[in-house]
>>> print(open('start.txt').read())   # compact mmCIF, C-alpha atoms
# COMPACT_ATOMS: atom_id res chain seq x y z
CA MET A 1 0.00 0.00 0.00
CA SER A 2 1.49 3.33 -0.98
CA LEU A 3 0.40 6.89 -1.50
CA SER A 4 0.92 8.68 -4.79
CA ARG A 5 2.80 12.00 -4.96
CA SER A 6 -0.48 13.85 -5.51
CA GLU A 7 -2.09 12.11 -2.51
CA ILE A 8 0.85 13.08 -0.29
CA SER A 9 0.55 16.69 -1.52
CA LEU A 10 -3.17 16.58 -0.76
CA LEU A 11 -2.55 15.25 2.77
CA THR A 12 0.12 17.86 3.58
CA ALA A 13 -2.28 20.60 2.48
CA GLY A 14 -5.20 19.17 4.49
CA PRO A 15 -6.26 19.81 8.06
CA LEU A 16 -4.64 16.79 9.77
CA PHE A 17 -1.18 16.57 8.21
CA ARG A 18 -0.39 20.22 7.45
CA GLY A 19 3.30 20.83 8.19
CA VAL A 20 4.09 17.10 8.45
CA SER A 21 6.98 15.64 6.46
CA GLU A 22 6.33 13.62 3.32
CA GLU A 23 8.56 10.87 4.72
CA LEU A 24 6.28 10.46 7.73
CA LEU A 25 3.23 10.20 5.46
CA GLN A 26 4.87 7.64 3.17
CA ALA A 27 5.86 5.57 6.24
CA LEU A 28 2.33 5.97 7.61
CA ALA A 29 0.86 4.29 4.54
CA GLY A 30 2.58 1.03 5.47
CA THR A 31 1.85 1.24 9.21
CA GLU A 32 -0.47 -1.17 11.01
CA GLY A 33 -3.81 0.55 11.53
CA ALA A 34 -3.63 2.55 8.29
CA SER A 35 -5.34 1.35 5.14
CA LEU A 36 -6.16 2.72 1.72
CA VAL A 37 -9.76 1.81 0.94
CA ARG A 38 -11.69 2.16 -2.31
CA PHE A 39 -15.45 2.69 -2.20
CA ASP A 40 -17.37 2.33 -5.46
CA SER A 41 -20.67 3.67 -4.13
CA GLY A 42 -23.00 3.13 -1.20
CA VAL A 43 -22.63 3.48 2.55
CA VAL A 44 -19.11 4.04 3.83
CA TYR A 45 -19.99 4.85 7.41
CA SER A 46 -23.23 4.90 9.42
CA PRO A 47 -24.48 4.43 13.00
CA ARG A 48 -24.96 0.71 12.24
CA HIS A 49 -21.86 0.26 10.07
CA PHE A 50 -18.88 2.15 11.40
CA ARG A 51 -15.35 1.64 12.60
CA ARG A 52 -13.46 3.67 15.13
CA SER A 53 -11.37 5.16 12.35
CA LEU A 54 -10.63 8.61 11.09
CA GLY A 55 -11.00 8.83 7.32
CA VAL A 56 -9.36 11.22 4.88
CA VAL A 57 -10.89 11.50 1.40
CA LEU A 58 -8.17 11.13 -1.23
CA SER A 59 -10.41 11.11 -4.32
CA GLY A 60 -14.12 11.17 -5.14
CA GLN A 61 -16.98 12.62 -3.13
CA LEU A 62 -18.77 11.46 0.00
CA GLN A 63 -22.23 12.66 1.04
CA VAL A 64 -22.72 13.23 4.79
CA ALA A 65 -26.24 12.95 6.21
CA LYS A 66 -27.72 13.00 9.68
CA GLY A 67 -30.90 10.96 9.42
CA SER A 68 -32.68 12.26 6.33
CA LEU A 69 -30.95 15.65 6.50
CA ALA A 70 -28.09 16.09 4.01
CA VAL A 71 -25.34 17.89 5.91
CA SER A 72 -22.45 18.25 3.47
CA VAL A 73 -20.42 16.79 0.64
CA LEU A 74 -16.82 15.85 1.38
CA GLY A 75 -14.11 16.02 -1.25
CA PRO A 76 -10.38 15.33 -1.45
CA GLY A 77 -8.58 16.35 1.74
CA ASP A 78 -11.67 16.35 3.96
CA LEU A 79 -11.87 14.27 7.15
CA PHE A 80 -14.72 12.10 8.43
CA GLY A 81 -15.34 9.81 11.39
CA ALA A 82 -14.13 12.21 14.09
CA ALA A 83 -17.46 12.19 15.97
CA ALA A 84 -17.36 8.41 16.49
CA LEU A 85 -13.60 8.01 16.91
CA TYR A 86 -13.65 8.37 20.71
CA SER A 87 -17.34 7.79 21.38
CA ASP A 88 -19.17 4.81 22.81
CA GLU A 89 -22.39 6.14 21.26
CA PRO A 90 -22.44 4.92 17.64
CA GLU A 91 -25.85 6.52 17.05
CA PHE A 92 -24.09 9.88 16.91
CA ALA A 93 -22.18 8.81 13.83
CA SER A 94 -23.38 10.40 10.61
CA THR A 95 -24.16 8.39 7.52
CA VAL A 96 -21.44 8.85 4.91
CA THR A 97 -22.18 7.58 1.41
CA ALA A 98 -19.83 7.39 -1.57
CA LYS A 99 -21.36 9.28 -4.49
CA GLY A 100 -19.15 7.33 -6.91
CA PRO A 101 -15.70 5.78 -6.94
CA SER A 102 -13.76 7.18 -3.98
CA ARG A 103 -10.45 6.40 -2.30
CA CYS A 104 -9.84 7.08 1.38
CA LEU A 105 -7.03 6.76 3.89
CA MET A 106 -8.49 5.10 7.00
CA LEU A 107 -6.66 5.50 10.32
CA GLU A 108 -7.79 3.24 13.17
CA GLN A 109 -8.14 4.74 16.65
CA PRO A 110 -5.02 3.12 18.18
CA LEU A 111 -2.92 4.57 15.34
CA VAL A 112 -4.54 8.00 15.77
CA ASP A 113 -3.73 7.76 19.51
CA ARG A 114 -0.10 7.05 18.70
CA LEU A 115 0.14 9.84 16.10
CA LEU A 116 -1.35 12.37 18.53
CA ALA A 117 1.02 11.26 21.30
CA GLU A 118 4.19 11.18 19.19
CA HIS A 119 3.73 14.12 16.79
CA SER A 120 2.92 17.52 18.27
CA GLN A 121 2.15 18.99 14.83
CA ILE A 122 -0.51 16.34 14.13
CA ARG A 123 -1.95 16.82 17.65
CA GLU A 124 -2.14 20.59 17.14
CA ASN A 125 -3.70 20.16 13.68
CA TYR A 126 -6.32 17.73 15.02
CA LEU A 127 -7.24 20.05 17.90
CA ARG A 128 -7.50 22.96 15.45
CA TYR A 129 -9.74 20.83 13.19
CA LEU A 130 -12.01 19.84 16.11
CA THR A 131 -12.21 23.46 17.28
CA GLY A 132 -13.29 24.49 13.79
CA ARG A 133 -15.98 21.77 13.79
CA ILE A 134 -17.27 23.00 17.16
CA ARG A 135 -17.47 26.57 15.89
CA PHE A 136 -19.20 25.44 12.70
CA LEU A 137 -21.78 23.35 14.59
CA SER A 138 -22.33 26.08 17.19
CA GLY A 139 -23.11 28.48 14.36
CA ARG A 140 -25.61 26.04 12.90
CA LEU A 141 -27.26 25.53 16.29
CA GLN A 142 -27.47 29.26 16.77
CA ALA A 143 -29.16 29.62 13.39
CA LEU A 144 -31.66 26.89 14.28
CA ALA A 145 -32.41 28.32 17.71
CA GLN A 146 -32.99 31.85 16.50
CA PRO A 147 -36.44 33.32 16.86
CA GLY A 148 -38.42 34.46 13.89
CA VAL A 149 -39.31 32.92 10.57
CA GLU A 150 -35.91 31.27 9.92
CA GLY A 151 -36.04 29.52 13.28
CA LYS A 152 -39.64 28.41 12.77
CA LEU A 153 -38.85 27.06 9.31
CA ALA A 154 -35.67 25.29 10.46
CA ARG A 155 -37.44 23.64 13.40
CA TYR A 156 -40.34 22.59 11.13
CA LEU A 157 -37.98 21.00 8.62
CA LEU A 158 -35.94 19.24 11.33
CA ALA A 159 -39.12 17.85 12.88
CA GLY A 160 -39.82 16.12 9.56
CA GLY A 161 -42.65 18.41 8.53
CA ASP A 162 -44.77 17.49 5.53
CA SER A 163 -42.57 18.24 2.52
CA SER A 164 -45.44 17.87 0.06
CA CYS A 165 -47.45 20.86 1.28
CA SER A 166 -47.68 23.99 -0.82
CA ALA A 167 -46.01 27.28 0.09
CA THR A 168 -49.42 28.69 1.03
CA GLU A 169 -50.11 25.77 3.40
CA LEU A 170 -46.65 26.10 4.92
CA CYS A 171 -47.22 29.84 5.50
CA GLN A 172 -50.46 29.00 7.31
CA ARG A 173 -48.81 26.30 9.44
CA LEU A 174 -45.98 28.60 10.47
CA GLY A 175 -48.11 31.74 10.71
CA VAL A 176 -45.91 33.78 8.38
CA SER A 177 -46.28 35.70 5.13
CA ARG A 178 -45.22 34.21 1.82
CA ALA A 179 -42.46 36.81 1.35
CA SER A 180 -41.08 36.06 4.83
CA LEU A 181 -41.14 32.33 4.08
CA TYR A 182 -39.15 32.80 0.86
CA ARG A 183 -36.61 35.04 2.66
CA ALA A 184 -36.26 32.37 5.38
CA PHE A 185 -35.68 29.64 2.78
CA ALA A 186 -33.03 31.82 1.11
CA ALA A 187 -31.32 32.60 4.45
CA LEU A 188 -31.21 28.92 5.47
CA GLU A 189 -29.85 28.00 2.06
CA ASP A 190 -27.21 30.77 2.18
CA SER A 191 -26.06 29.59 5.61
CA GLY A 192 -25.69 26.02 4.30
CA LEU A 193 -28.39 24.54 6.50
CA ILE A 194 -30.58 23.38 3.60
CA ARG A 195 -30.28 22.71 -0.11
CA ARG A 196 -33.05 23.40 -2.60
>>> encode(input="start.txt", output="structure tokens")
Amino acid sequence: MSLSRSEISLLTAGPLFRGVSEELLQALAGTEGASLVRFDSGVVYSPRHFRRSLGVVLSGQLQVAKGSLAVSVLGPGDLFGAAALYSDEPEFASTVTAKGPSRCLMLEQPLVDRLLAEHSQIRENYLRYLTGRIRFLSGRLQALAQPGVEGKLARYLLAGGDSSCSATELCQRLGVSRASLYRAFAALEDSGLIRR
């Protein structure tokens, strides 16, 4: 198992291995607990099918969903699996699905433990990554908790509201004007909370 030059460049530019030597990454590829995995399509990771591994997308795209809510699309350099890496609660894992042929570097938890203990740069990068995730999720929670039309719409959608109702019916259910509803949809879309 080996990493290509472009994959090593991708890893050194990404959040986990920024500032790490290429030699360390090439040695990592052959280390116990590291594997290069190809996914053609379908579920990569879910609350029922997960490993305590941190994944790095090397090629392709992975769709991240929480229940029926599409959260994001991961591309080369992005990490996944951090929420379940040190958790005994697998239900908190998101569902990650390959949208087509994808290749990922998978790092099992004991290897991640060793990398964090032995390499201060990787430890700092991982803490910086987790801090960024916390800020991102806090911002999303703040947007969902806000009062007003955006908050009402977000809570309605998260509760699994009827997606087949018309805009007029939705306005009546939420007690808002049509113009306010459209502005709320646009604001939620601009903030990345929904996709239309």
>>> closest_residue(input="start.txt", among="A:Leu3, A:Val64, A:Val176, A:Leu116", to="Arg103 (chain A)", atoms="only C-alpha atoms")
A:Leu3
>>> residues_around(input="start.txt", residues="region 24-39 of chain A", least_positions_apart="4", cutoff="8 Å", atoms="all atoms listed in the file", output="count of residues only")
19
>>> atom_distance(input="start.txt", atom1="CA of Arg133 (chain A)", atom2="CA of Leu16 (chain A)")
13.0 Å
>>> residues_around(input="start.txt", residues="region 159-173 of chain A", least_positions_apart="6", cutoff="12 Å", atoms="all atoms listed in the file", output="PyMOL selection string")
chain A and resi 67-69+144+149+152-153+179-182+184-185+196
>>> atom_distance(input="start.txt", atom1="CA of Ser94 (chain A)", atom2="CA of Lys66 (chain A)")
5.1 Å
